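> I am sharing data32.txt, which consists of compact mmCIF, C-alpha atoms and all ligand atoms:
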```txt
# COMPACT_ATOMS: atom_id res chain seq x y z
CA MET H 17 0.00 0.00 0.00
CA SER H 18 1.36 3.38 -0.92
CA ASP H 19 1.49 5.78 1.98
CA GLU H 20 0.68 8.64 -0.26
CA ARG H 21 -2.94 9.51 0.06
CA LYS H 22 -4.84 9.92 -3.16
CA ARG H 23 -5.16 13.65 -2.69
CA ALA H 24 -7.43 14.73 -5.47
CA ASP H 25 -10.45 16.27 -3.77
CA VAL H 26 -12.30 16.33 -7.06
CA VAL H 27 -12.88 13.00 -8.77
CA LEU H 28 -13.79 13.47 -12.42
CA PRO H 29 -15.58 11.12 -14.85
CA GLY H 30 -13.28 8.23 -15.64
CA GLY H 31 -12.39 7.92 -11.97
CA THR H 32 -13.35 4.91 -9.87
CA ILE H 33 -15.77 5.18 -6.97
CA GLY H 34 -15.54 2.45 -4.34
CA VAL H 35 -18.83 1.53 -2.68
CA VAL H 36 -19.01 -0.32 0.63
CA GLY H 37 -22.11 -2.51 0.29
CA GLY H 38 -23.72 -4.08 -2.75
CA GLY H 39 -27.47 -3.80 -2.10
CA GLN H 40 -30.10 -1.91 -4.06
CA LEU H 41 -28.84 1.49 -2.91
CA GLY H 42 -25.44 0.67 -4.39
CA ARG H 43 -27.11 -0.64 -7.52
CA MET H 44 -29.01 2.60 -8.14
CA PHE H 45 -25.82 4.54 -7.33
CA ALA H 46 -23.87 2.46 -9.85
CA LEU H 47 -26.47 3.13 -12.56
CA GLU H 48 -26.02 6.89 -12.10
CA ALA H 49 -22.25 6.69 -11.81
CA ARG H 50 -21.90 4.67 -14.99
CA ARG H 51 -24.25 7.02 -16.83
CA MET H 52 -21.85 9.82 -15.91
CA GLY H 53 -18.75 7.97 -17.10
CA TYR H 54 -17.40 6.76 -13.75
CA ARG H 55 -16.19 3.31 -12.88
CA VAL H 56 -17.64 1.57 -9.83
CA ALA H 57 -16.00 -0.98 -7.52
CA VAL H 58 -18.27 -2.67 -4.97
CA LEU H 59 -17.29 -4.45 -1.76
CA ASP H 60 -19.88 -7.04 -0.76
CA PRO H 61 -19.81 -10.62 0.54
CA GLY H 62 -22.70 -11.70 -1.73
CA ALA H 63 -21.87 -13.45 -5.00
CA ASP H 64 -24.79 -11.87 -6.89
CA ALA H 65 -25.63 -8.81 -4.78
CA PRO H 66 -27.78 -6.22 -6.63
CA ALA H 67 -24.98 -3.67 -7.12
CA THR H 68 -22.36 -6.18 -8.18
CA GLN H 69 -24.47 -7.00 -11.25
CA LEU H 70 -23.72 -3.47 -12.48
CA ALA H 71 -20.31 -2.74 -10.99
CA ASP H 72 -17.08 -2.67 -13.01
CA GLU H 73 -15.34 -4.53 -10.22
CA HIS H 74 -16.54 -6.65 -7.32
CA VAL H 75 -14.35 -7.13 -4.26
CA HIS H 76 -16.05 -10.29 -3.09
CA ALA H 77 -15.30 -10.48 0.63
CA SER H 78 -16.65 -9.86 4.09
CA PHE H 79 -17.01 -6.27 5.34
CA SER H 80 -14.79 -7.08 8.31
CA ASP H 81 -11.90 -8.29 6.11
CA PRO H 82 -9.12 -5.63 6.20
CA GLY H 83 -7.59 -7.17 3.07
CA ALA H 84 -10.82 -6.54 1.22
CA MET H 85 -10.96 -2.93 2.35
CA ARG H 86 -7.38 -2.55 1.14
CA ALA H 87 -8.33 -3.99 -2.25
CA LEU H 88 -11.22 -1.54 -2.49
CA ALA H 89 -9.03 1.40 -1.43
CA GLU H 90 -6.38 0.53 -3.99
CA ARG H 91 -8.91 0.41 -6.82
CA SER H 92 -10.76 3.60 -5.85
CA ASP H 93 -10.26 7.37 -6.12
CA VAL H 94 -12.88 7.92 -3.43
CA ILE H 95 -14.88 5.54 -1.25
CA THR H 96 -18.51 5.98 -0.29
CA LEU H 97 -21.05 3.62 1.25
CA GLU H 98 -24.54 2.30 0.95
CA TRP H 99 -24.33 0.30 4.19
CA GLU H 100 -23.32 2.11 7.36
CA ASN H 101 -22.13 -0.77 9.51
CA ALA H 102 -18.60 -1.07 8.15
CA ASP H 103 -15.89 -1.32 10.81
CA VAL H 104 -14.95 2.22 11.85
CA ALA H 105 -11.39 1.36 12.94
CA THR H 106 -10.64 -0.31 9.61
CA LEU H 107 -12.01 2.68 7.72
CA ARG H 108 -9.83 5.01 9.78
CA ASP H 109 -6.76 3.05 8.65
CA PHE H 110 -7.65 3.45 4.99
CA GLU H 111 -8.73 7.06 5.29
CA ARG H 112 -5.03 7.84 5.09
CA ILE H 113 -4.77 6.55 1.54
CA VAL H 114 -8.12 7.34 -0.01
CA PRO H 115 -10.85 9.83 0.87
CA ILE H 116 -13.81 8.13 2.56
CA ARG H 117 -17.01 10.17 2.24
CA PRO H 118 -18.84 10.33 4.55
CA GLY H 119 -15.97 9.77 6.96
CA PRO H 120 -15.64 7.18 9.74
CA GLY H 121 -16.64 9.75 12.38
CA VAL H 122 -20.08 10.05 10.79
CA LEU H 123 -20.47 6.27 10.77
CA GLN H 124 -19.46 6.00 14.37
CA VAL H 125 -22.47 8.13 15.31
CA ALA H 126 -24.91 6.75 12.72
CA GLN H 127 -24.17 3.15 13.78
CA HIS H 128 -25.37 3.75 17.30
CA ARG H 129 -28.86 4.94 18.30
CA VAL H 130 -27.72 6.44 21.60
CA ARG H 131 -24.89 8.42 20.01
CA GLU H 132 -27.28 9.58 17.29
CA LYS H 133 -29.70 10.99 19.82
CA ASP H 134 -26.95 12.39 22.07
CA THR H 135 -25.56 14.22 19.03
CA ALA H 136 -28.98 15.56 18.07
CA ARG H 137 -29.63 16.83 21.59
CA SER H 138 -26.19 18.46 21.77
CA LEU H 139 -27.12 20.34 18.57
CA GLY H 140 -30.41 21.52 20.09
CA ILE H 141 -32.59 19.07 18.12
CA LEU H 142 -35.62 17.47 19.79
CA THR H 143 -35.75 13.67 20.01
CA PRO H 144 -38.06 11.24 21.76
CA ASP H 145 -37.13 10.90 25.44
CA TYR H 146 -34.58 8.06 25.73
CA ARG H 147 -32.15 6.26 28.03
CA ALA H 148 -29.17 4.03 27.30
CA VAL H 149 -29.77 0.55 28.75
CA HIS H 150 -27.24 -2.25 29.37
CA THR H 151 -28.94 -4.49 31.95
CA ARG H 152 -32.40 -5.56 33.14
CA GLU H 153 -31.97 -3.31 36.18
CA GLU H 154 -31.22 -0.30 34.00
CA LEU H 155 -34.26 -1.12 31.89
CA ALA H 156 -36.49 -1.14 34.98
CA GLY H 157 -35.08 2.21 36.07
CA ALA H 158 -35.40 3.71 32.60
CA LEU H 159 -39.04 2.56 32.38
CA ARG H 160 -39.81 4.26 35.69
CA GLU H 161 -38.38 7.51 34.31
CA ILE H 162 -39.79 7.38 30.78
CA GLY H 163 -43.04 5.53 31.40
CA THR H 164 -45.04 3.45 28.96
CA PRO H 165 -45.66 2.88 26.15
CA ALA H 166 -42.00 2.75 25.20
CA VAL H 167 -39.85 0.88 22.71
CA LEU H 168 -36.66 -1.03 23.48
CA LYS H 169 -34.16 -1.25 20.61
CA THR H 170 -30.70 -2.61 20.07
CA ALA H 171 -28.34 0.36 19.82
CA ARG H 172 -26.61 -1.15 16.79
CA PHE H 173 -27.45 -3.10 13.62
CA GLY H 174 -31.22 -2.58 13.71
CA TYR H 175 -33.10 -2.04 10.44
CA ASP H 176 -36.68 -2.45 9.23
CA GLY H 177 -37.83 -2.76 12.84
CA LYS H 178 -35.49 -5.66 13.62
CA GLY H 179 -34.11 -5.66 17.15
CA GLN H 180 -37.08 -3.76 18.60
CA ALA H 181 -39.81 -4.56 21.11
CA VAL H 182 -42.67 -2.33 22.23
CA ILE H 183 -43.30 -2.24 25.99
CA ARG H 184 -46.92 -1.38 26.79
CA HIS H 185 -46.62 -1.80 30.56
CA ALA H 186 -43.80 -2.55 32.99
CA GLY H 187 -44.78 -6.25 33.15
CA GLU H 188 -43.56 -6.64 29.56
CA ALA H 189 -40.04 -5.42 30.32
CA ASP H 190 -38.38 -8.81 30.81
CA ALA H 191 -39.92 -10.31 27.69
CA ALA H 192 -38.81 -7.27 25.67
CA PHE H 193 -35.28 -7.55 27.06
CA ASP H 194 -35.17 -11.22 26.06
CA ALA H 195 -36.60 -10.50 22.63
CA VAL H 196 -34.09 -7.83 21.65
CA THR H 197 -31.07 -9.53 23.22
CA GLY H 198 -32.01 -12.98 21.91
CA GLY H 199 -31.78 -14.21 25.52
CA ARG H 200 -28.03 -13.45 25.63
CA ARG H 201 -26.56 -13.61 29.10
CA ASP H 202 -22.88 -13.40 28.20
CA GLY H 203 -22.02 -9.85 29.09
CA PRO H 204 -23.26 -6.31 28.60
CA VAL H 205 -25.66 -5.42 25.84
CA GLU H 206 -26.14 -2.03 24.25
CA LEU H 207 -29.78 -0.99 24.09
CA ILE H 208 -31.87 2.15 24.04
CA LEU H 209 -35.27 2.69 25.61
CA GLU H 210 -37.34 5.35 23.85
CA ALA H 211 -40.65 6.91 24.78
CA TRP H 212 -43.30 5.96 22.23
CA VAL H 213 -44.01 9.11 20.23
CA ARG H 214 -47.64 9.94 19.51
CA PHE H 215 -47.08 11.13 16.00
CA THR H 216 -49.44 12.42 13.33
CA MET H 217 -46.95 11.65 10.59
CA GLU H 218 -43.50 10.25 9.92
CA ILE H 219 -41.34 12.31 7.57
CA SER H 220 -37.80 12.29 6.26
CA VAL H 221 -35.35 14.59 4.55
CA VAL H 222 -32.43 13.49 2.44
CA CYS H 223 -29.79 16.17 2.39
CA ALA H 224 -26.41 16.41 0.72
CA ARG H 225 -23.33 18.26 1.91
CA GLY H 226 -20.35 18.95 -0.34
CA ILE H 227 -16.66 19.11 0.55
CA ASP H 228 -16.93 22.91 0.75
CA GLY H 229 -19.82 22.69 3.23
CA GLU H 230 -22.56 23.53 0.71
CA ILE H 231 -25.86 21.88 1.71
CA ALA H 232 -28.88 20.95 -0.41
CA CYS H 233 -32.03 19.28 0.97
CA PHE H 234 -34.50 17.31 -1.09
CA PRO H 235 -38.20 17.98 -0.40
CA VAL H 236 -39.70 16.45 2.74
CA ALA H 237 -41.20 12.98 2.24
CA GLU H 238 -44.25 11.73 4.14
CA ASN H 239 -43.62 8.11 5.08
CA VAL H 240 -46.04 5.31 5.93
CA HIS H 241 -44.61 2.17 7.52
CA GLN H 242 -46.06 -1.35 7.71
CA ASN H 243 -44.62 -3.51 10.47
CA ALA H 244 -41.83 -0.92 10.92
CA ILE H 245 -40.81 -1.27 7.24
CA LEU H 246 -41.26 1.67 4.89
CA ASP H 247 -44.29 0.99 2.69
CA VAL H 248 -45.09 4.25 0.91
CA SER H 249 -43.56 7.72 0.60
CA ILE H 250 -45.58 10.72 -0.59
CA VAL H 251 -43.96 13.95 -1.76
CA PRO H 252 -44.41 16.73 -0.94
CA ALA H 253 -45.35 15.69 2.59
CA ARG H 254 -48.75 17.09 3.50
CA ILE H 255 -47.47 19.34 6.30
CA THR H 256 -47.43 23.06 6.96
CA PRO H 257 -44.55 25.20 5.62
CA ASP H 258 -43.41 25.71 9.23
CA VAL H 259 -43.10 21.98 9.86
CA ALA H 260 -41.29 21.53 6.53
CA ASP H 261 -38.84 24.31 7.49
CA ALA H 262 -38.29 22.72 10.88
CA ALA H 263 -37.61 19.33 9.25
CA ARG H 264 -35.09 20.81 6.82
CA ARG H 265 -33.37 22.64 9.68
CA VAL H 266 -33.00 19.36 11.60
CA ALA H 267 -31.42 17.67 8.56
CA GLU H 268 -29.07 20.57 7.85
CA THR H 269 -28.05 20.91 11.49
CA MET H 270 -27.25 17.21 11.72
CA ALA H 271 -25.32 17.22 8.42
CA ARG H 272 -23.26 20.22 9.51
CA GLY H 273 -22.84 18.99 13.08
CA LEU H 274 -21.57 15.61 11.89
CA ASP H 275 -19.38 17.22 9.20
CA VAL H 276 -20.94 14.96 6.56
CA VAL H 277 -19.54 14.88 3.05
CA GLY H 278 -22.09 12.95 1.02
CA LEU H 279 -25.70 12.26 1.91
CA LEU H 280 -27.48 12.28 5.23
CA ALA H 281 -31.04 10.95 5.44
CA VAL H 282 -32.91 11.98 8.58
CA GLU H 283 -36.09 10.25 9.79
CA MET H 284 -38.40 12.32 11.97
CA PHE H 285 -41.74 12.24 13.74
CA VAL H 286 -44.27 15.06 13.60
CA GLY H 287 -45.82 14.85 17.05
CA GLU H 288 -49.43 15.46 18.03
CA ASP H 289 -47.96 18.48 19.80
CA GLY H 290 -46.78 19.80 16.40
CA HIS H 291 -43.07 19.40 17.21
CA VAL H 292 -40.59 17.66 14.92
CA ARG H 293 -38.50 15.03 16.71
CA MET H 294 -35.53 13.27 15.16
CA ASN H 295 -35.77 9.47 15.04
CA GLU H 296 -32.60 8.32 13.29
CA VAL H 297 -30.07 9.21 10.60
CA ALA H 298 -28.50 7.24 7.78
CA PRO H 299 -25.36 8.60 6.06
CA ARG H 300 -26.36 7.28 2.64
CA PRO H 301 -29.22 7.24 0.15
CA HIS H 302 -32.52 6.32 1.75
CA ASN H 303 -35.55 4.30 0.70
CA SER H 304 -37.73 7.37 1.22
CA GLY H 305 -35.58 9.27 -1.32
CA HIS H 306 -36.15 6.95 -4.26
CA TYR H 307 -38.82 9.30 -5.61
CA THR H 308 -36.02 11.74 -6.54
CA ILE H 309 -35.09 9.53 -9.51
CA GLU H 310 -38.23 10.54 -11.40
CA ALA H 311 -39.39 13.65 -9.55
CA CYS H 312 -36.24 15.80 -9.24
CA PRO H 313 -33.70 17.12 -11.77
CA VAL H 314 -30.95 15.22 -9.91
CA SER H 315 -31.63 12.00 -7.99
CA GLN H 316 -30.35 11.27 -4.49
CA PHE H 317 -27.86 8.87 -6.10
CA GLU H 318 -26.45 11.43 -8.50
CA GLN H 319 -26.36 13.89 -5.61
CA GLN H 320 -24.35 11.39 -3.55
CA LEU H 321 -21.92 11.07 -6.44
CA ARG H 322 -21.64 14.84 -6.87
CA ALA H 323 -21.02 15.35 -3.15
CA VAL H 324 -18.41 12.62 -2.71
CA CYS H 325 -16.62 13.52 -5.96
CA GLY H 326 -16.34 17.20 -4.99
CA LEU H 327 -18.64 18.40 -7.78
CA PRO H 328 -21.30 21.13 -7.51
CA LEU H 329 -24.49 19.82 -5.92
CA GLY H 330 -27.50 19.54 -8.23
CA SER H 331 -30.97 21.03 -8.06
CA THR H 332 -33.30 19.44 -5.51
CA ASP H 333 -36.46 21.05 -6.92
CA LEU H 334 -39.57 18.90 -7.03
CA LEU H 335 -40.67 18.80 -10.66
CA ARG H 336 -43.98 17.04 -9.92
CA PRO H 337 -45.71 15.48 -6.91
CA ALA H 338 -44.68 11.85 -6.51
CA ALA H 339 -45.42 8.70 -4.55
CA MET H 340 -43.21 5.65 -4.08
CA ALA H 341 -44.41 2.19 -3.03
CA ASN H 342 -42.03 -0.54 -1.99
CA LEU H 343 -42.30 -3.97 -3.56
CA MET H 344 -41.65 -6.67 -1.00
CA GLY H 345 -41.15 -10.37 -1.45
CA GLU H 346 -44.71 -11.03 -0.27
CA HIS H 347 -46.09 -9.02 -3.20
CA ALA H 348 -46.60 -11.63 -5.87
CA GLY H 349 -45.20 -10.43 -9.16
CA THR H 350 -41.96 -9.03 -7.76
CA ALA H 351 -39.94 -12.06 -8.77
CA LEU H 352 -38.24 -11.71 -12.13
CA GLY H 353 -40.19 -12.84 -15.17
CA ARG H 354 -43.68 -12.39 -13.68
CA PRO H 355 -46.49 -10.86 -15.79
CA GLY H 356 -47.74 -8.53 -13.02
CA ALA H 357 -44.91 -6.15 -13.82
CA ALA H 358 -46.29 -5.51 -17.29
CA HIS H 359 -49.74 -4.61 -15.93
CA ALA H 360 -48.34 -2.16 -13.39
CA LEU H 361 -46.69 -0.28 -16.23
CA GLY H 362 -50.09 0.46 -17.77
CA VAL H 363 -50.69 3.04 -15.03
CA PRO H 364 -49.80 6.57 -16.25
CA ALA H 365 -46.53 8.21 -15.18
CA THR H 366 -45.37 5.12 -13.31
CA ALA H 367 -41.82 3.74 -13.23
CA LEU H 368 -40.79 0.24 -12.17
CA HIS H 369 -37.55 -0.55 -10.36
CA LEU H 370 -36.56 -4.15 -9.70
CA TYR H 371 -33.31 -4.82 -7.90
CA GLY H 372 -32.29 -8.03 -9.67
CA LYS H 373 -32.91 -10.27 -6.65
CA ALA H 374 -33.56 -13.79 -7.83
CA GLU H 375 -35.39 -15.01 -4.76
CA ALA H 376 -38.53 -13.33 -3.37
CA ARG H 377 -38.74 -13.80 0.40
CA PRO H 378 -41.28 -12.14 2.74
CA GLY H 379 -39.85 -8.93 4.18
CA ARG H 380 -37.22 -8.67 1.43
CA LYS H 381 -37.16 -5.42 -0.57
CA MET H 382 -37.43 -6.57 -4.19
CA GLY H 383 -38.02 -3.24 -5.89
CA HIS H 384 -40.26 -0.19 -5.88
CA LEU H 385 -42.69 1.77 -8.02
CA THR H 386 -42.80 5.55 -8.36
CA SER H 387 -45.75 7.42 -9.84
CA LEU H 388 -45.95 11.10 -10.63
CA GLY H 389 -49.19 13.09 -10.55
CA ASP H 390 -50.68 16.56 -10.58
CA THR H 391 -51.19 16.26 -6.82
CA PRO H 392 -49.69 14.01 -4.12
CA GLU H 393 -53.10 12.31 -3.89
CA GLN H 394 -53.12 11.47 -7.58
CA ALA H 395 -49.56 10.15 -7.42
CA LEU H 396 -50.49 8.01 -4.41
CA GLU H 397 -53.62 6.63 -6.09
CA ARG H 398 -51.56 5.70 -9.15
CA VAL H 399 -48.73 4.01 -7.30
CA LEU H 400 -51.09 1.95 -5.14
CA ARG H 401 -53.10 0.91 -8.21
CA ALA H 402 -49.88 -0.07 -9.98
CA ARG H 403 -48.77 -2.13 -7.00
CA ASP H 404 -52.16 -3.88 -6.82
CA LEU H 405 -51.90 -4.79 -10.50
CA LEU H 406 -48.35 -6.04 -10.02
CA SER H 407 -49.31 -8.05 -6.95
CA ALA H 408 -52.31 -9.63 -8.67
CA ASP H 409 -49.69 -10.98 -11.09
CA ALA H 410 -52.33 -12.30 -13.46
N1 LIG Z 1 -40.00 6.03 19.69
C1 LIG Z 1 -40.88 5.68 18.74
N2 LIG Z 1 -42.14 6.16 18.78
C2 LIG Z 1 -43.06 5.82 17.83
N3 LIG Z 1 -42.78 5.00 16.80
C3 LIG Z 1 -41.55 4.49 16.70
C4 LIG Z 1 -40.53 4.81 17.66
N4 LIG Z 1 -39.40 4.17 17.29
C5 LIG Z 1 -39.69 3.48 16.17
N5 LIG Z 1 -40.98 3.65 15.81
C6 LIG Z 1 -41.64 3.06 14.63
O1 LIG Z 1 -40.84 1.97 14.14
C7 LIG Z 1 -40.27 2.31 12.86
C8 LIG Z 1 -38.86 1.74 12.75
O2 LIG Z 1 -38.05 2.25 13.80
P1 LIG Z 1 -36.63 2.94 13.56
O3 LIG Z 1 -36.16 3.46 14.86
O4 LIG Z 1 -36.73 3.91 12.44
O5 LIG Z 1 -35.71 1.71 13.19
P2 LIG Z 1 -35.21 1.07 11.83
O6 LIG Z 1 -33.74 1.23 11.88
O7 LIG Z 1 -35.67 -0.34 11.90
O8 LIG Z 1 -35.85 1.87 10.71
C9 LIG Z 1 -40.35 3.82 12.79
O9 LIG Z 1 -40.33 4.29 11.47
C10 LIG Z 1 -41.67 4.07 13.51
O10 LIG Z 1 -42.78 3.76 12.67
MG MG Z 2 -36.00 3.90 10.53
```
Please render this file's structure as structure tokens.


Amino acid sequence: MSDERKRADVVLPGGTIGVVGGGQLGRMFALEARRMGYRVAVLDPGADAPATQLADEHVHASFSDPGAMRALAERSDVITLEWENADVATLRDFERIVPIRPGPGVLQVAQHRVREKDTARSLGILTPDYRAVHTREELAGALREIGTPAVLKTARFGYDGKGQAVIRHAGEADAAFDAVTGGRRDGPVELILEAWVRFTMEISVVCARGIDGEIACFPVAENVHQNAILDVSIVPARITPDVADAARRVAETMARGLDVVGLLAVEMFVGEDGHVRMNEVAPRPHNSGHYTIEACPVSQFEQQLRAVCGLPLGSTDLLRPAAMANLMGEHAGTALGRPGAAHALGVPATALHLYGKAEARPGRKMGHLTSLGDTPEQALERVLRARDLLSADA
């Protein structure tokens, strides 16, 4: 390994972008990067991961393999990520030879729900009330302080509601502890207890920050979850201008506070009290930002590329109202080669995205649909109709 860091702040077309993670976010990133004349190298342990089908190079190894990270660093002019759980210490080692955007410091916070909320609070951002929890005794104490209902979550590695248990009354505390720790008794566990927020809506903002500190936020998305998995996003979110401003301020404050270069997606609750509370952040493209592919001049994936390559950020204007519906493995017709896909495409202004996953399993994100409309309501009606047609698969 050369000790000389690849210094170029600006990475121009022809350069190689290394991506940690080979899922659908990396796949959609690779599509944009290749369109713009870049090469893409993907690090992922899967033989046929969605992004590797489109990458110029695939470093086929585990995320915790330092040799693999070295191989990626040597091939790349800049490294970005679509999966935030890479090993921070390993990334710090390679940061000396290739720019990593966003940097390991951002990941260190985004990997950990307690650090995320501590950071938000230190920046003056409201969050649900929360306590760090390591033992059953701490959980009992935290429940006395926070009350019920509450939700216990693993501090790390949770996604799509995995590693979470709702506690409706104190009698459910032990069962919740067992559920999220998998009954582990071999040492301390890192958990967070959060007050259950009475929200009127969940929203998110994807924002980009360039190497010069320039920030651009995409419009606020209104998000509907099913079983703690994003189901539908509607844009623009049907909120007041004041709430939209508050949401954008939260995203910008977090992006600046964390010194992000790249994307930061911020999930928030709009409370019954009208206040915006931060839920979590992801330093990468976000499922709720997929609508930007059709509805904005520059998609979240192109914006990620622009930010990490040191290029000017693109316009985040909303060209038309949009709605996005996820396609999960349980929706018949999401497997490749099914006729339902053709029927969905008969709905006006509707785009189909399938991620190239051969096997449809329940709970697995197989693709998504985005519809545009004259109003958010029309876009939503279209995308749900398209998904029904696809799911009928007749
Ligand atoms: N404190 C909370 N109050 C109310 N709802 C919550 C709370 N925490 C999580 N949820 C619900 O569960 C979903 C998933 O939780 P989240 O913390 O975003 O984890 P994940 O990493 O799985 O997305 C949220 O989008 C929301 O619908
Ligand atoms: Mg979430």

> Hey, which residues come within 9 Å of ligand MG 2 (chain Z) if we count all atoms listed in the file? Could you give them as a PyMOL selection string?

chain H and resi 174-177+244-246+282-284+295-298

> Using only C-alpha atoms, find the one residue out of H:Gly31, H:Gly389, H:Gly163, H:Gly379 that sits nearest to H:Ala211.

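Of H:Gly31, H:Gly389, H:Gly163, H:Gly379, the one nearest H:Ala211 is H:Gly163, counting only C-alpha atoms.
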
> Mind giving me the straight-line distance from atom CA of H:Phe234 to atom CA of H:Leu280 in Å, one decimal?

10.7 Å

> One decimal, Å: what's the distance from atom CA of H:Gly42 over to atom CA of H:Glu346, could you say?

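We find that atom CA of H:Gly42 and atom CA of H:Glu346 lie 22.9 Å from each other.
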
> Do you know which residues are at most 10 Å from stretch 391-399 of chain H counting all atoms listed in the file, after dropping those on the same chain fewer than 4 positions away, and could you put them as a VMD selection string?

chain H and resid 248 to 254 336 to 342 360 363 to 367 384 to 387 403 to 405

> Using only C-alpha atoms, find all polymer residues with an atom at most 9 Å away from the point (-18.8, 9.3, -11.2); report them as a list in words.

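Returned residue set, sorted by chain then number, is Val27, Leu28, Pro29, Gly30, Gly31, Thr32, Ile33, Ala46, Glu48, Ala49, Arg50, Arg51, Met52, Gly53, Tyr54, Arg55, Val56, Glu318, Leu321, Arg322 and Cys325 of chain H.
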
> Atoms to include: C-alpha atoms. Write the selected residues as a PDB file, keeping the file's coordinate frame.


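Final file, selection.pdb:
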```pdb
ATOM      1  CA  VAL H  27     -12.880  13.000  -8.770  1.00  0.00           C
ATOM      2  CA  LEU H  28     -13.790  13.470 -12.420  1.00  0.00           C
ATOM      3  CA  PRO H  29     -15.580  11.120 -14.850  1.00  0.00           C
ATOM      4  CA  GLY H  30     -13.280   8.230 -15.640  1.00  0.00           C
ATOM      5  CA  GLY H  31     -12.390   7.920 -11.970  1.00  0.00           C
ATOM      6  CA  THR H  32     -13.350   4.910  -9.870  1.00  0.00           C
ATOM      7  CA  ILE H  33     -15.770   5.180  -6.970  1.00  0.00           C
ATOM      8  CA  ALA H  46     -23.870   2.460  -9.850  1.00  0.00           C
ATOM      9  CA  GLU H  48     -26.020   6.890 -12.100  1.00  0.00           C
ATOM     10  CA  ALA H  49     -22.250   6.690 -11.810  1.00  0.00           C
ATOM     11  CA  ARG H  50     -21.900   4.670 -14.990  1.00  0.00           C
ATOM     12  CA  ARG H  51     -24.250   7.020 -16.830  1.00  0.00           C
ATOM     13  CA  MET H  52     -21.850   9.820 -15.910  1.00  0.00           C
ATOM     14  CA  GLY H  53     -18.750   7.970 -17.100  1.00  0.00           C
ATOM     15  CA  TYR H  54     -17.400   6.760 -13.750  1.00  0.00           C
ATOM     16  CA  ARG H  55     -16.190   3.310 -12.880  1.00  0.00           C
ATOM     17  CA  VAL H  56     -17.640   1.570  -9.830  1.00  0.00           C
ATOM     18  CA  GLU H 318     -26.450  11.430  -8.500  1.00  0.00           C
ATOM     19  CA  LEU H 321     -21.920  11.070  -6.440  1.00  0.00           C
ATOM     20  CA  ARG H 322     -21.640  14.840  -6.870  1.00  0.00           C
ATOM     21  CA  CYS H 325     -16.620  13.520  -5.960  1.00  0.00           C
TER      22      CYS H 325
END
```

> What are the closest atom pairs, with distances in Å to one decimal, for all residues of stretch 48-161 of chain H lying within 8 Å of stretch 181-203 of chain H? Consider all atoms listed in the file, order rows by chain and residue number, and present the result as JSON lines.


```
{"residue": "H:Arg152", "atom": "CA", "partner": "H:Phe193", "partner_atom": "CA", "distance": 7.0}
{"residue": "H:Leu155", "atom": "CA", "partner": "H:Ala189", "partner_atom": "CA", "distance": 7.4}
{"residue": "H:Ala156", "atom": "CA", "partner": "H:Ala189", "partner_atom": "CA", "distance": 7.3}
{"residue": "H:Leu159", "atom": "CA", "partner": "H:Ala186", "partner_atom": "CA", "distance": 7.0}
```

> Give me the residues within 9 Å of H:Thr151 as a PyMOL selection string, counting only C-alpha atoms and dropping any in the same chain fewer than 6 places off.

chain H and resi 193+204-207

> If I put a ball of radius 12 Å at (-20.0, 6.9, 16.2) in the file's coordinates, which residues poke into it when counting only C-alpha atoms, written as a ChimeraX atom specification?

/H:100-105,119-135,171-172,274,297-299

> Using only C-alpha atoms, determine which residues lie at most 9 Å from stretch 137-141 of chain H, disregarding the query and same-chain residues fewer than 6 positions distant; provide the list as a list of chain:residue names.

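Everything that qualifies: H:Val266, H:Thr269, H:Met270, H:Gly273, H:Val292, H:Arg293, H:Met294.
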
> I need the residues from that last selection saved to file as a PDB file, in the frame of the given file (with C-alpha atoms), if you can.


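File produced: result_39.pdb:
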```pdb
ATOM      1  CA  VAL H 266     -33.000  19.360  11.600  1.00  0.00           C
ATOM      2  CA  THR H 269     -28.050  20.910  11.490  1.00  0.00           C
ATOM      3  CA  MET H 270     -27.250  17.210  11.720  1.00  0.00           C
ATOM      4  CA  GLY H 273     -22.840  18.990  13.080  1.00  0.00           C
ATOM      5  CA  VAL H 292     -40.590  17.660  14.920  1.00  0.00           C
ATOM      6  CA  ARG H 293     -38.500  15.030  16.710  1.00  0.00           C
ATOM      7  CA  MET H 294     -35.530  13.270  15.160  1.00  0.00           C
TER       8      MET H 294
END
```

> Could you check which of H:Pro165, H:Pro66, H:Gly349, H:Gly330 is closest to ligand LIG 1 (chain Z), using all atoms listed in the file?

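Of H:Pro165, H:Pro66, H:Gly349, H:Gly330, the one nearest ligand LIG 1 (chain Z), counting all atoms listed in the file, is H:Pro165.
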
> If you take every atom of ligand LIG 1 (chain Z) that the file lists and fit an axis-aligned box around them with 8 Å extra on each side, what centre and edge lengths come out in Å to one decimal, as lines of an AutoDock Vina configuration file?


```
center_x = -38.4
center_y = 2.9
center_z = 15.2
size_x = 25.3
size_y = 22.5
size_z = 25.0
```

> What gap, in Å, lies between atom CA of H:Lys381 and atom CA of H:Ala65?

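These two atoms are separated by 12.7 Å.
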